Amino acid sequence: MQRPVSMLTAATLSLTTVGSFFVNQTAAIAQEITPVPSFRAVVNSNADGAIAPDQGLTLREAILVVNGILTLEQLSPEERSQVTQQADTEAPRIDFNLPVGETTIQVVGELPPLNRDGIVLDGTTQPGYATGSQVINELPTPAPVVAITPIENLEVRRGITITADNITVRGLSIYGFTGDLSDPTSGEFFDFRGWETRHLDWRELYRATATTPPADIFIAHRLPPPDITKQPTPANFAPFYDDDVPARNAVIEDNWLGFPPTLAGNAQPETPVVRSAFGVSVFNGTGATIRRNWIANHDGSAIITAVDASNLSVTENVITGNGVAGMPDAIRLEGNIDQARIAGNLVCGNDGSGVYLFKPKGSIAVENNQIVYNSRRLRRAGVYLMGDRHVVTGNQIRVQAGPGVVVTAFPRSVGNRIQNNQFTNLEGLSIDLVQLNQAGVQDYQRADGPNPQRDSQNRREDTGNAAVNAPQFVSKTFYALGTQVGSAADTPLLAAPKQATAVEVFGTADPGSEIEIYRASGLDRFGYAALAEPLATTTVGEDGKFKATVANLQVGDRISAIATHPTDGTSEPAAPAMIQSLDQAAVAPTDQSASSIPQCVTAYVPPAPPEVPVPEEPITIQVPTRIHFALDQSNISPATAKVLDRVAAVMLENPALVVDIEGHTDPRASDAYNKALGQRRALSARNYLIRKGIAPERMTIRSQGETQRVSQGSSRVDYARDRRVEFIFRDARGLELIVQEEDLQIER
Amino acid sequence: MQFFIPSRRWLRRLGFGVVGLLVSLLMGGMFLAGQAQDVPAGQNISITNTATAGFTDGAGASRNVTSNPTTVRATPSPSELVILKTGDRASAEPGDSVVYRIQVRNTGTTTVTNLQVIDTLPFGVRYIENSARAALGNTPVLLDPPPDEDGRTVTFFLATSLAPNQTVTLSYGALLTPDAVRGNGRNLAVASGTANGVTVTSGTASFALAIRPGILSDCGTIIGRVFVDKNFDGEQQPGEPGVPNAVLFFDDGNRVTTDAEGLFSLAYVVAGTRTATLDLTSLPGYTLAPNLYRIEKNSTARMVKLSPGGLARMNFAVTPTFQEGRR
């Protein structure tokens, strides 16, 4: 089937004649006529290209064989020996037996989709796959051996495409699949699809819009976009027709998506030259299971859904450093996501929210996840909820540059239960219900801060979770009737906090709701504190009053509370109250900043005899705190790159170092423009450091625009000093911070 | 009349240490129009006035300077007719007809005869023939001879005499032609008659009609939406949510933000070829979606041909992005 290369189809630079296009069409038809026998194909060649009867069975050929497109007669005898026909009851399989050192398959075009039911694409069958071993503490799976990536400088949009039911993809490393790589105005491009290679004019390649969604693993109905042969006229009442059946029950497990199977030092995933666009795109697939994968370093989200992803299960994954240059949220849920469950994942160091629901259909559960160090680039909530009756329980949301959990006001969202979570080090409320139908930019990112108590029935209509009232303590302080004897450690210090006896707390809340009382940590500018640890629960009586006995408190602790109404959902946290004792003035404990090393994943070290480290002499290291930029530019100049290398070296040596990267501009141009320019400058500095191996969870991007100039002058040198990015190190002990001007770029 | 008010610098040069200057006007011998009984109609009167300037000189003494008297000559007319004009609507558009009502009241002491009302209609507004009706109390008044149209001026002849304190009501219709949009919508009516052989004229009554362009408007409305396209056809189906707070820039500099549903509308857009583009920095995480059905829609901008009074649609389909800022 030869199509004219139009602006649209030229985008599909598939290199093989027998590639996806031709094959897809007939596959669907062939399946309806005769059932395809169940084959087991063993890939023993890492080559890719046109289908040819040659020495080795490539992955492309194996997929076509298992799909039932390529018949055994079309294979060479060597290839045929790699294929065995199994009983129809057995699942068709693609196994690997690649030679040592040739385990990376560089594809030259999109692979044909897996479109026979039940295929198992199993990278764990490759010899050398160390079953039972472990690379990082957070993920109990070995490193994959077989890697699938596009050949250099070629735009291949999708790694593995799944269009049938019950398909398993296991134990593979898939990275580098993205769209829009090429600048069509430079370089030479060819159309390989015909019999003769044809040179393409850049006008045939030029695209002003994005491509259809690229991803490492793409789950959809048969013939997904950009193929529109089955929807010559688009459907009217849904994105697709009823017979565009979503792929069911795909299983994605034990894969590493977005980075090569070799790790850089300190168990950091390596950033490939070309980052993948999205990790797993559940475009149109129900019942998909994504478990025990490590999804890192994507331009967009790690997991994104679109049309139908109902009954999605995302469990035990490690999701780090995604959203670098696109959709910033680690898990972005859109469309039908009814009964989706996100449980037990480590979501760390991503550029936006951990989980963001955008106008979805259905209710989901977010349980027992660790959502830490997120919102590095955009100030967003750890979990942003839209819709009704979602359940967020047992999660740890820490070091989030935004609020913890937000429930939106529009679309109206009711009955979201947010209980038993732990929050610390937030920039916002632990739970924030957007009120008054506010739908501004901030309300969809970091919400609107504490709400007052309901003043009208109308608040129920225009506020998230039907404006359930936050509990109110009757007093700002509660008195412990006594203190217990402190431990030996704290007796020498009179001011040290003492263990209080159980404290009775009283307050008011909406009748019928359940109260959870938390130990609160930190105190923000509104006077609110993060819900650090659940302590006790109680229920509110008919009169709207509650009473609880809270043990395990120290004098000087703050407590806060949330109310969960059975139908309305969970409230915002109460304004905190402090625990004091009658015999001793309370001293508020100073808040401890995170003393642990900010690190998403840690290298798994097999148990070994402990070595006694030789204490090193503290040495002072000089670290530059500023880099400079040219007028109206945000790119890194060669001189600046040298300075950044020094920053990177220091950060690599000091893994505990956390940095805020602040972009600044000179005072010319508008405030808004400069704010954006500062953001671009900070972003390019951050992305350079990521390339140098600094983990994204250690860097937060901010922009000050022109608000904080270095100097007050207006000479060209002053302006050049203003055009800078500042590195604000937290806990910079042992570092000598220096201001360098080696890379000052004075405008001519 | 002119006053010479010396500037401070000029005074200093003259040696005056003037600190304050007071100028007062004294109107002398002026007859006010209301005192008509004192002046027979048609008789000339003269109004004289003088001006006095007061100031404090260097020695601290108050001094006055008085100007020469000037005289204005005038002929007061007996103001016995009061005219009031109203319309049945405050605004209209071409094709509408307006009903004007004019009340003329004799506030004088003598009966006025040969009563006529001269109405200068706004530009583009035409008197509807045979639409005029007049009444004195409940008694219809004959319009004889029939109203005389001369360009924009219509003269109504009321075949009645108007006794003191009587009021005659005149109403008539006028049609707004397309030319009306070029005028200012204000018209002027004057009543006149004869009393004791002397011509009596009322003041001028005016009524302003706000003229909307109506179907002759050269403005149109642009509506549209920004939404997440999942089947890449550029149209919003159920399951393709709108994107709030997306910013669009129009060719005339208008900045439009979508609402919570992703919809926007822009009224009073000047007709013609209008273009708009989506500000991608306003929707982090999204970029323009490809359109697999129409090549034209694979563009960062939408161009519509907006007819006067027309409605045009600009839909922007977006999709989650993976390469922010690269396009």
# chains A, B, ... in the order shown; residues from 1 in each chain; ligands from 1
$ interface_residues --of "chain B" --to "chain A" --cutoff "10 Å" --atoms "only C-alpha atoms" --output "mmCIF file with N, CA, C and O atoms, in the first residue's frame"
data_model
loop_
_atom_site.group_PDB
_atom_site.id
_atom_site.type_symbol
_atom_site.label_atom_id
_atom_site.label_comp_id
_atom_site.auth_asym_id
_atom_site.auth_seq_id
_atom_site.Cartn_x
_atom_site.Cartn_y
_atom_site.Cartn_z
ATOM 1 N N VAL B 228 -8.428 19.034 24.812
ATOM 2 C CA VAL B 228 -7.458 17.957 24.603
ATOM 3 C C VAL B 228 -8.015 17.024 23.539
ATOM 4 O O VAL B 228 -9.015 16.356 23.754
ATOM 5 N N ASP B 229 -7.375 16.990 22.405
ATOM 6 C CA ASP B 229 -7.870 16.181 21.291
ATOM 7 C C ASP B 229 -7.286 14.782 21.407
ATOM 8 O O ASP B 229 -6.077 14.608 21.505
ATOM 9 N N LYS B 230 -8.166 13.785 21.392
ATOM 10 C CA LYS B 230 -7.664 12.422 21.551
ATOM 11 C C LYS B 230 -7.741 11.621 20.270
ATOM 12 O O LYS B 230 -7.072 10.603 20.140
ATOM 13 N N ASN B 231 -8.586 12.032 19.341
ATOM 14 C CA ASN B 231 -8.584 11.325 18.063
ATOM 15 C C ASN B 231 -8.054 12.199 16.941
ATOM 16 O O ASN B 231 -8.131 11.842 15.786
ATOM 17 N N PHE B 232 -7.518 13.348 17.294
ATOM 18 C CA PHE B 232 -6.775 14.185 16.350
ATOM 19 C C PHE B 232 -7.600 14.570 15.133
ATOM 20 O O PHE B 232 -7.130 14.517 14.008
ATOM 21 N N ASP B 233 -8.854 14.928 15.388
ATOM 22 C CA ASP B 233 -9.687 15.414 14.293
ATOM 23 C C ASP B 233 -9.991 16.900 14.431
ATOM 24 O O ASP B 233 -10.668 17.474 13.601
ATOM 25 N N GLY B 234 -9.503 17.532 15.486
ATOM 26 C CA GLY B 234 -9.709 18.967 15.637
ATOM 27 C C GLY B 234 -11.076 19.352 16.152
ATOM 28 O O GLY B 234 -11.388 20.531 16.230
ATOM 29 N N GLU B 235 -11.921 18.358 16.466
ATOM 30 C CA GLU B 235 -13.245 18.663 17.012
ATOM 31 C C GLU B 235 -13.345 18.059 18.401
ATOM 32 O O GLU B 235 -12.724 17.039 18.688
ATOM 33 N N GLN B 236 -14.167 18.689 19.244
ATOM 34 C CA GLN B 236 -14.270 18.208 20.616
ATOM 35 C C GLN B 236 -15.414 17.211 20.741
ATOM 36 O O GLN B 236 -16.570 17.566 20.533
ATOM 37 N N GLN B 237 -15.084 15.988 21.053
ATOM 38 C CA GLN B 237 -16.106 14.984 21.346
ATOM 39 C C GLN B 237 -16.194 14.820 22.854
ATOM 40 O O GLN B 237 -15.282 15.233 23.574
ATOM 41 N N PRO B 238 -17.277 14.189 23.351
ATOM 42 C CA PRO B 238 -17.308 13.867 24.776
ATOM 43 C C PRO B 238 -16.078 13.031 25.125
ATOM 44 O O PRO B 238 -15.643 12.206 24.342
ATOM 45 N N GLY B 239 -15.525 13.291 26.285
ATOM 46 C CA GLY B 239 -14.296 12.607 26.658
ATOM 47 C C GLY B 239 -13.057 13.362 26.257
ATOM 48 O O GLY B 239 -11.952 12.903 26.493
ATOM 49 N N GLU B 240 -13.234 14.518 25.631
ATOM 50 C CA GLU B 240 -12.087 15.346 25.286
ATOM 51 C C GLU B 240 -12.240 16.671 26.040
ATOM 52 O O GLU B 240 -12.911 17.587 25.560
ATOM 53 N N PRO B 241 -11.687 16.766 27.249
ATOM 54 C CA PRO B 241 -11.997 17.905 28.113
ATOM 55 C C PRO B 241 -11.396 19.218 27.622
ATOM 56 O O PRO B 241 -10.362 19.229 26.959
ATOM 57 N N GLY B 242 -12.080 20.296 27.971
ATOM 58 C CA GLY B 242 -11.573 21.627 27.647
ATOM 59 C C GLY B 242 -10.448 21.998 28.596
ATOM 60 O O GLY B 242 -10.395 21.544 29.728
ATOM 61 N N VAL B 243 -9.565 22.847 28.114
ATOM 62 C CA VAL B 243 -8.412 23.247 28.915
ATOM 63 C C VAL B 243 -8.656 24.655 29.453
ATOM 64 O O VAL B 243 -8.814 25.596 28.673
ATOM 65 N N PRO B 244 -8.705 24.802 30.776
ATOM 66 C CA PRO B 244 -8.940 26.139 31.319
ATOM 67 C C PRO B 244 -7.702 27.024 31.237
ATOM 68 O O PRO B 244 -6.575 26.522 31.153
ATOM 69 N N ASN B 245 -7.942 28.320 31.240
ATOM 70 C CA ASN B 245 -6.886 29.338 31.344
ATOM 71 C C ASN B 245 -5.892 29.308 30.203
ATOM 72 O O ASN B 245 -4.764 29.738 30.363
ATOM 73 N N ALA B 246 -6.305 28.784 29.061
ATOM 74 C CA ALA B 246 -5.435 28.885 27.893
ATOM 75 C C ALA B 246 -5.549 30.308 27.349
ATOM 76 O O ALA B 246 -6.619 30.905 27.358
ATOM 77 N N ASP B 259 -12.348 29.801 29.638
ATOM 78 C CA ASP B 259 -12.959 29.607 30.947
ATOM 79 C C ASP B 259 -12.673 28.194 31.442
ATOM 80 O O ASP B 259 -11.903 27.451 30.826
ATOM 81 N N ALA B 260 -13.307 27.848 32.550
ATOM 82 C CA ALA B 260 -13.003 26.546 33.167
ATOM 83 C C ALA B 260 -13.357 25.384 32.247
ATOM 84 O O ALA B 260 -12.807 24.300 32.377
ATOM 85 N N GLU B 261 -14.265 25.618 31.307
ATOM 86 C CA GLU B 261 -14.622 24.556 30.360
ATOM 87 C C GLU B 261 -13.766 24.591 29.109
ATOM 88 O O GLU B 261 -13.996 23.837 28.177
ATOM 89 N N THR B 281 2.789 29.000 26.263
ATOM 90 C CA THR B 281 3.344 29.113 27.611
ATOM 91 C C THR B 281 2.233 29.178 28.648
ATOM 92 O O THR B 281 2.489 29.029 29.834
ATOM 93 N N SER B 282 0.990 29.403 28.199
ATOM 94 C CA SER B 282 -0.104 29.492 29.167
ATOM 95 C C SER B 282 -0.644 28.116 29.517
ATOM 96 O O SER B 282 -1.457 27.997 30.415
ATOM 97 N N LEU B 283 -0.267 27.087 28.799
ATOM 98 C CA LEU B 283 -0.769 25.758 29.150
ATOM 99 C C LEU B 283 0.397 24.795 29.259
ATOM 100 O O LEU B 283 0.661 24.037 28.350
ATOM 101 N N PRO B 284 1.117 24.870 30.385
ATOM 102 C CA PRO B 284 2.262 23.992 30.544
ATOM 103 C C PRO B 284 1.821 22.549 30.470
ATOM 104 O O PRO B 284 0.834 22.157 31.066
ATOM 105 N N GLY B 285 2.562 21.763 29.713
ATOM 106 C CA GLY B 285 2.208 20.361 29.579
ATOM 107 C C GLY B 285 1.424 20.050 28.324
ATOM 108 O O GLY B 285 1.229 18.892 28.012
ATOM 109 N N TYR B 286 0.958 21.067 27.627
ATOM 110 C CA TYR B 286 0.199 20.799 26.403
ATOM 111 C C TYR B 286 0.801 21.566 25.236
ATOM 112 O O TYR B 286 1.412 22.614 25.404
ATOM 113 N N THR B 287 0.602 21.036 24.061
ATOM 114 C CA THR B 287 0.980 21.758 22.867
ATOM 115 C C THR B 287 -0.056 21.449 21.799
ATOM 116 O O THR B 287 -0.964 20.651 22.005
ATOM 117 N N LEU B 288 0.062 22.103 20.652
ATOM 118 C CA LEU B 288 -0.940 21.934 19.610
ATOM 119 C C LEU B 288 -0.941 20.502 19.096
ATOM 120 O O LEU B 288 0.109 19.931 18.809
ATOM 121 N N ALA B 289 -2.124 19.937 18.978
ATOM 122 C CA ALA B 289 -2.249 18.555 18.529
ATOM 123 C C ALA B 289 -2.203 18.525 17.011
ATOM 124 O O ALA B 289 -2.621 19.475 16.351
ATOM 125 N N PRO B 290 -1.724 17.430 16.457
ATOM 126 C CA PRO B 290 -1.809 17.304 15.006
ATOM 127 C C PRO B 290 -3.258 17.068 14.602
ATOM 128 O O PRO B 290 -4.066 16.632 15.414
ATOM 129 N N ASN B 291 -3.569 17.383 13.382
ATOM 130 C CA ASN B 291 -4.893 17.079 12.860
ATOM 131 C C ASN B 291 -4.708 16.116 11.703
ATOM 132 O O ASN B 291 -4.051 16.436 10.716
ATOM 133 N N LEU B 292 -5.263 14.922 11.859
ATOM 134 C CA LEU B 292 -5.049 13.897 10.847
ATOM 135 C C LEU B 292 -6.052 14.014 9.715
ATOM 136 O O LEU B 292 -6.006 13.252 8.765
ATOM 137 N N TYR B 293 -6.979 14.934 9.833
ATOM 138 C CA TYR B 293 -8.043 15.020 8.832
ATOM 139 C C TYR B 293 -7.937 16.253 7.951
ATOM 140 O O TYR B 293 -8.346 16.235 6.805
ATOM 141 N N ARG B 294 -7.431 17.334 8.489
ATOM 142 C CA ARG B 294 -7.358 18.570 7.707
ATOM 143 C C ARG B 294 -5.958 19.146 7.818
ATOM 144 O O ARG B 294 -5.509 19.473 8.916
ATOM 145 N N ILE B 295 -5.316 19.264 6.709
ATOM 146 C CA ILE B 295 -3.954 19.794 6.704
ATOM 147 C C ILE B 295 -3.954 21.219 7.250
ATOM 148 O O ILE B 295 -3.073 21.623 8.009
ATOM 149 N N LYS B 297 -5.506 22.599 9.533
ATOM 150 C CA LYS B 297 -5.561 22.768 10.985
ATOM 151 C C LYS B 297 -4.233 22.435 11.662
ATOM 152 O O LYS B 297 -4.122 22.543 12.862
ATOM 153 N N ASN B 298 -3.261 21.972 10.897
ATOM 154 C CA ASN B 298 -1.955 21.688 11.479
ATOM 155 C C ASN B 298 -1.152 22.975 11.522
ATOM 156 O O ASN B 298 -0.109 23.104 10.890
ATOM 157 N N SER B 299 -1.658 23.914 12.264
ATOM 158 C CA SER B 299 -1.064 25.230 12.226
ATOM 159 C C SER B 299 -1.114 25.823 13.618
ATOM 160 O O SER B 299 -1.977 25.474 14.415
ATOM 161 N N THR B 300 -0.178 26.698 13.889
ATOM 162 C CA THR B 300 -0.177 27.320 15.200
ATOM 163 C C THR B 300 -1.240 28.402 15.296
ATOM 164 O O THR B 300 -1.517 28.885 16.384
ATOM 165 N N ALA B 301 -1.783 28.825 14.169
ATOM 166 C CA ALA B 301 -2.753 29.913 14.202
ATOM 167 C C ALA B 301 -4.013 29.495 13.463
ATOM 168 O O ALA B 301 -4.006 28.571 12.658
ATOM 169 N N ALA B 317 -6.995 22.425 19.131
ATOM 170 C CA ALA B 317 -6.842 21.099 19.732
ATOM 171 C C ALA B 317 -5.432 21.005 20.298
ATOM 172 O O ALA B 317 -4.475 21.421 19.662
ATOM 173 N N VAL B 318 -5.336 20.517 21.525
ATOM 174 C CA VAL B 318 -4.015 20.355 22.130
ATOM 175 C C VAL B 318 -3.835 18.914 22.584
ATOM 176 O O VAL B 318 -4.798 18.158 22.696
ATOM 177 N N THR B 319 -2.601 18.557 22.815
ATOM 178 C CA THR B 319 -2.264 17.205 23.235
ATOM 179 C C THR B 319 -1.103 17.311 24.216
ATOM 180 O O THR B 319 -0.353 18.285 24.157
ATOM 181 N N PRO B 320 -0.966 16.359 25.133
ATOM 182 C CA PRO B 320 0.153 16.459 26.078
ATOM 183 C C PRO B 320 1.486 16.557 25.349
ATOM 184 O O PRO B 320 1.727 15.847 24.386
ATOM 185 N N THR B 321 2.319 17.443 25.806
ATOM 186 C CA THR B 321 3.558 17.690 25.083
ATOM 187 C C THR B 321 4.713 16.963 25.732
ATOM 188 O O THR B 321 4.675 16.582 26.895
ATOM 189 N N PHE B 322 5.739 16.775 24.934
ATOM 190 C CA PHE B 322 6.965 16.187 25.438
ATOM 191 C C PHE B 322 8.141 17.046 25.050
ATOM 192 O O PHE B 322 9.273 16.714 25.322
ATOM 193 N N GLN B 323 7.898 18.134 24.357
ATOM 194 C CA GLN B 323 8.996 19.001 23.966
ATOM 195 C C GLN B 323 8.560 20.440 24.078
ATOM 196 O O GLN B 323 8.370 21.140 23.101
ATOM 197 N N GLU B 324 8.404 20.868 25.303
ATOM 198 C CA GLU B 324 7.953 22.224 25.552
ATOM 199 C C GLU B 324 8.945 23.228 24.977
ATOM 200 O O GLU B 324 10.149 23.072 25.121
ATOM 201 N N GLY B 325 8.417 24.255 24.380
ATOM 202 C CA GLY B 325 9.274 25.353 23.967
ATOM 203 C C GLY B 325 10.098 25.091 22.734
ATOM 204 O O GLY B 325 10.787 25.963 22.262
ATOM 205 N N ARG B 326 10.051 23.858 22.211
ATOM 206 C CA ARG B 326 10.854 23.620 21.021
ATOM 207 C C ARG B 326 10.110 24.001 19.770
ATOM 208 O O ARG B 326 10.641 23.958 18.678
ATOM 209 N N ARG B 327 8.826 24.304 19.909
ATOM 210 C CA ARG B 327 8.145 24.851 18.754
ATOM 211 C C ARG B 327 7.305 26.002 19.193
ATOM 212 O O ARG B 327 7.027 26.202 20.322
#
$ residues_around --residues "range 212-218 of chain B" --least-positions-apart "4" --cutoff "6 Å" --atoms "only C-alpha atoms" --output "compact mmCIF listing (two decimals) with N, CA and C atoms, in the first residue's frame"
# COMPACT_ATOMS: atom_id res chain seq x y z
N ALA B 92 -31.88 52.71 18.81
CA ALA B 92 -32.52 52.02 17.70
C ALA B 92 -31.46 51.67 16.68
N GLU B 93 -31.82 50.81 15.75
CA GLU B 93 -30.88 50.45 14.70
C GLU B 93 -31.59 50.58 13.36
N VAL B 181 -26.67 55.42 10.73
CA VAL B 181 -25.47 55.10 11.49
C VAL B 181 -24.40 56.17 11.31
N ALA B 271 -14.98 43.02 11.53
CA ALA B 271 -15.08 41.99 10.50
C ALA B 271 -13.86 42.04 9.61
N PRO B 308 -19.47 40.87 8.56
CA PRO B 308 -20.07 41.83 9.48
C PRO B 308 -21.29 41.23 10.16
N GLY B 309 -21.34 41.32 11.46
CA GLY B 309 -22.45 40.76 12.22
C GLY B 309 -22.40 39.25 12.28
$ residues_around --residues "Arg255 in chain B" --least-positions-apart "2" --cutoff "10 Å" --atoms "only C-alpha atoms" --output "ChimeraX atom specification"
/B:247-253,257,266,276-279
$ residues_around --residues "Pro696 in chain A" --least-positions-apart "6" --cutoff "12 Å" --atoms "only C-alpha atoms" --output "NGL selection string"
:A and (268-271 or 296-298 or 319-324 or 348-352 or 372-377 or 598-601 or 651 or 658-661 or 683 or 685-690)
$ select_by_dssp --residues "range 390-442 of chain A" --states "strand (DSSP E)" --output "ChimeraX atom specification"
/A:391-393,396-400,405-407,417-419,422-426,431-433
$ residues_around --residues "Pro142 in chain A" --least-positions-apart "5" --cutoff "12 Å" --atoms "only C-alpha atoms" --output "VMD selection string"
chain A and resid 123 to 124 128 to 137 170 to 173 253 to 256 261 to 262 292 to 294 604
$ write_last_selection --atoms "N, CA and C atoms" --output "PDB file, in the first residue's frame"
ATOM      1  N   GLY A 123      11.934 -10.235  28.090  1.00  0.00           N
ATOM      2  CA  GLY A 123      13.367  -9.956  28.111  1.00  0.00           C
ATOM      3  C   GLY A 123      14.106 -10.740  29.178  1.00  0.00           C
ATOM      4  N   THR A 124      13.370 -11.365  30.085  1.00  0.00           N
ATOM      5  CA  THR A 124      14.055 -12.101  31.149  1.00  0.00           C
ATOM      6  C   THR A 124      14.601 -13.432  30.653  1.00  0.00           C
ATOM      7  N   GLY A 128      22.000 -14.250  30.853  1.00  0.00           N
ATOM      8  CA  GLY A 128      22.682 -13.151  31.544  1.00  0.00           C
ATOM      9  C   GLY A 128      21.724 -12.337  32.383  1.00  0.00           C
ATOM     10  N   TYR A 129      20.425 -12.560  32.227  1.00  0.00           N
ATOM     11  CA  TYR A 129      19.458 -11.856  33.063  1.00  0.00           C
ATOM     12  C   TYR A 129      19.519 -12.451  34.458  1.00  0.00           C
ATOM     13  N   ALA A 130      19.961 -11.630  35.411  1.00  0.00           N
ATOM     14  CA  ALA A 130      20.274 -12.143  36.739  1.00  0.00           C
ATOM     15  C   ALA A 130      19.030 -12.196  37.596  1.00  0.00           C
ATOM     16  N   THR A 131      18.202 -13.185  37.350  1.00  0.00           N
ATOM     17  CA  THR A 131      16.968 -13.328  38.116  1.00  0.00           C
ATOM     18  C   THR A 131      17.286 -13.425  39.606  1.00  0.00           C
ATOM     19  N   GLY A 132      16.546 -12.694  40.390  1.00  0.00           N
ATOM     20  CA  GLY A 132      16.742 -12.736  41.834  1.00  0.00           C
ATOM     21  C   GLY A 132      17.692 -11.676  42.349  1.00  0.00           C
ATOM     22  N   SER A 133      18.448 -11.059  41.460  1.00  0.00           N
ATOM     23  CA  SER A 133      19.336  -9.997  41.942  1.00  0.00           C
ATOM     24  C   SER A 133      18.561  -8.688  42.013  1.00  0.00           C
ATOM     25  N   GLN A 134      19.241  -7.670  42.431  1.00  0.00           N
ATOM     26  CA  GLN A 134      18.577  -6.400  42.704  1.00  0.00           C
ATOM     27  C   GLN A 134      19.603  -5.295  42.482  1.00  0.00           C
ATOM     28  N   VAL A 135      19.174  -4.175  41.955  1.00  0.00           N
ATOM     29  CA  VAL A 135      20.118  -3.100  41.665  1.00  0.00           C
ATOM     30  C   VAL A 135      19.934  -1.942  42.629  1.00  0.00           C
ATOM     31  N   ILE A 136      18.688  -1.582  42.891  1.00  0.00           N
ATOM     32  CA  ILE A 136      18.437  -0.518  43.859  1.00  0.00           C
ATOM     33  C   ILE A 136      17.543  -1.078  44.962  1.00  0.00           C
ATOM     34  N   ASN A 137      17.648  -0.450  46.107  1.00  0.00           N
ATOM     35  CA  ASN A 137      16.882  -0.956  47.239  1.00  0.00           C
ATOM     36  C   ASN A 137      15.384  -0.830  47.013  1.00  0.00           C
ATOM     37  N   ARG A 170       7.977  -7.759  29.427  1.00  0.00           N
ATOM     38  CA  ARG A 170       8.675  -8.022  30.675  1.00  0.00           C
ATOM     39  C   ARG A 170      10.182  -7.899  30.476  1.00  0.00           C
ATOM     40  N   GLY A 171      10.838  -7.291  31.449  1.00  0.00           N
ATOM     41  CA  GLY A 171      12.297  -7.378  31.543  1.00  0.00           C
ATOM     42  C   GLY A 171      13.051  -6.707  30.410  1.00  0.00           C
ATOM     43  N   LEU A 172      12.565  -5.597  29.883  1.00  0.00           N
ATOM     44  CA  LEU A 172      13.256  -4.922  28.789  1.00  0.00           C
ATOM     45  C   LEU A 172      13.637  -3.509  29.219  1.00  0.00           C
ATOM     46  N   SER A 173      14.657  -2.989  28.552  1.00  0.00           N
ATOM     47  CA  SER A 173      14.973  -1.575  28.706  1.00  0.00           C
ATOM     48  C   SER A 173      14.589  -0.897  27.403  1.00  0.00           C
ATOM     49  N   GLU A 253       5.821  -5.274  33.106  1.00  0.00           N
ATOM     50  CA  GLU A 253       6.469  -5.513  34.386  1.00  0.00           C
ATOM     51  C   GLU A 253       7.970  -5.664  34.240  1.00  0.00           C
ATOM     52  N   ASP A 254       8.656  -5.300  35.297  1.00  0.00           N
ATOM     53  CA  ASP A 254      10.103  -5.485  35.430  1.00  0.00           C
ATOM     54  C   ASP A 254      10.896  -4.797  34.329  1.00  0.00           C
ATOM     55  N   ASN A 255      10.360  -3.729  33.746  1.00  0.00           N
ATOM     56  CA  ASN A 255      11.090  -3.035  32.695  1.00  0.00           C
ATOM     57  C   ASN A 255      11.767  -1.798  33.249  1.00  0.00           C
ATOM     58  N   TRP A 256      12.782  -1.344  32.541  1.00  0.00           N
ATOM     59  CA  TRP A 256      13.372  -0.033  32.782  1.00  0.00           C
ATOM     60  C   TRP A 256      13.027   0.813  31.576  1.00  0.00           C
ATOM     61  N   PRO A 261      20.184   0.249  30.184  1.00  0.00           N
ATOM     62  CA  PRO A 261      20.266  -0.654  31.337  1.00  0.00           C
ATOM     63  C   PRO A 261      21.568  -0.528  32.118  1.00  0.00           C
ATOM     64  N   THR A 262      22.436   0.376  31.716  1.00  0.00           N
ATOM     65  CA  THR A 262      23.643   0.583  32.503  1.00  0.00           C
ATOM     66  C   THR A 262      23.420   1.798  33.380  1.00  0.00           C
ATOM     67  N   ARG A 292       6.375  -2.938  39.063  1.00  0.00           N
ATOM     68  CA  ARG A 292       7.797  -3.144  39.289  1.00  0.00           C
ATOM     69  C   ARG A 292       8.651  -2.608  38.142  1.00  0.00           C
ATOM     70  N   ASN A 293       8.240  -1.527  37.508  1.00  0.00           N
ATOM     71  CA  ASN A 293       9.077  -0.916  36.492  1.00  0.00           C
ATOM     72  C   ASN A 293       9.821   0.252  37.098  1.00  0.00           C
ATOM     73  N   TRP A 294      10.927   0.601  36.476  1.00  0.00           N
ATOM     74  CA  TRP A 294      11.624   1.839  36.824  1.00  0.00           C
ATOM     75  C   TRP A 294      11.456   2.749  35.621  1.00  0.00           C
ATOM     76  N   TYR A 604      21.648  -0.858  45.643  1.00  0.00           N
ATOM     77  CA  TYR A 604      21.497  -2.037  46.495  1.00  0.00           C
ATOM     78  C   TYR A 604      22.867  -2.645  46.679  1.00  0.00           C
TER      79      TYR A 604
END
$ residues_around --residues "Thr84 in chain A" --least-positions-apart "6" --cutoff "9 Å" --atoms "only C-alpha atoms" --output "JSON, numbers by chain"
{"A": [38, 39, 40, 41, 42]}
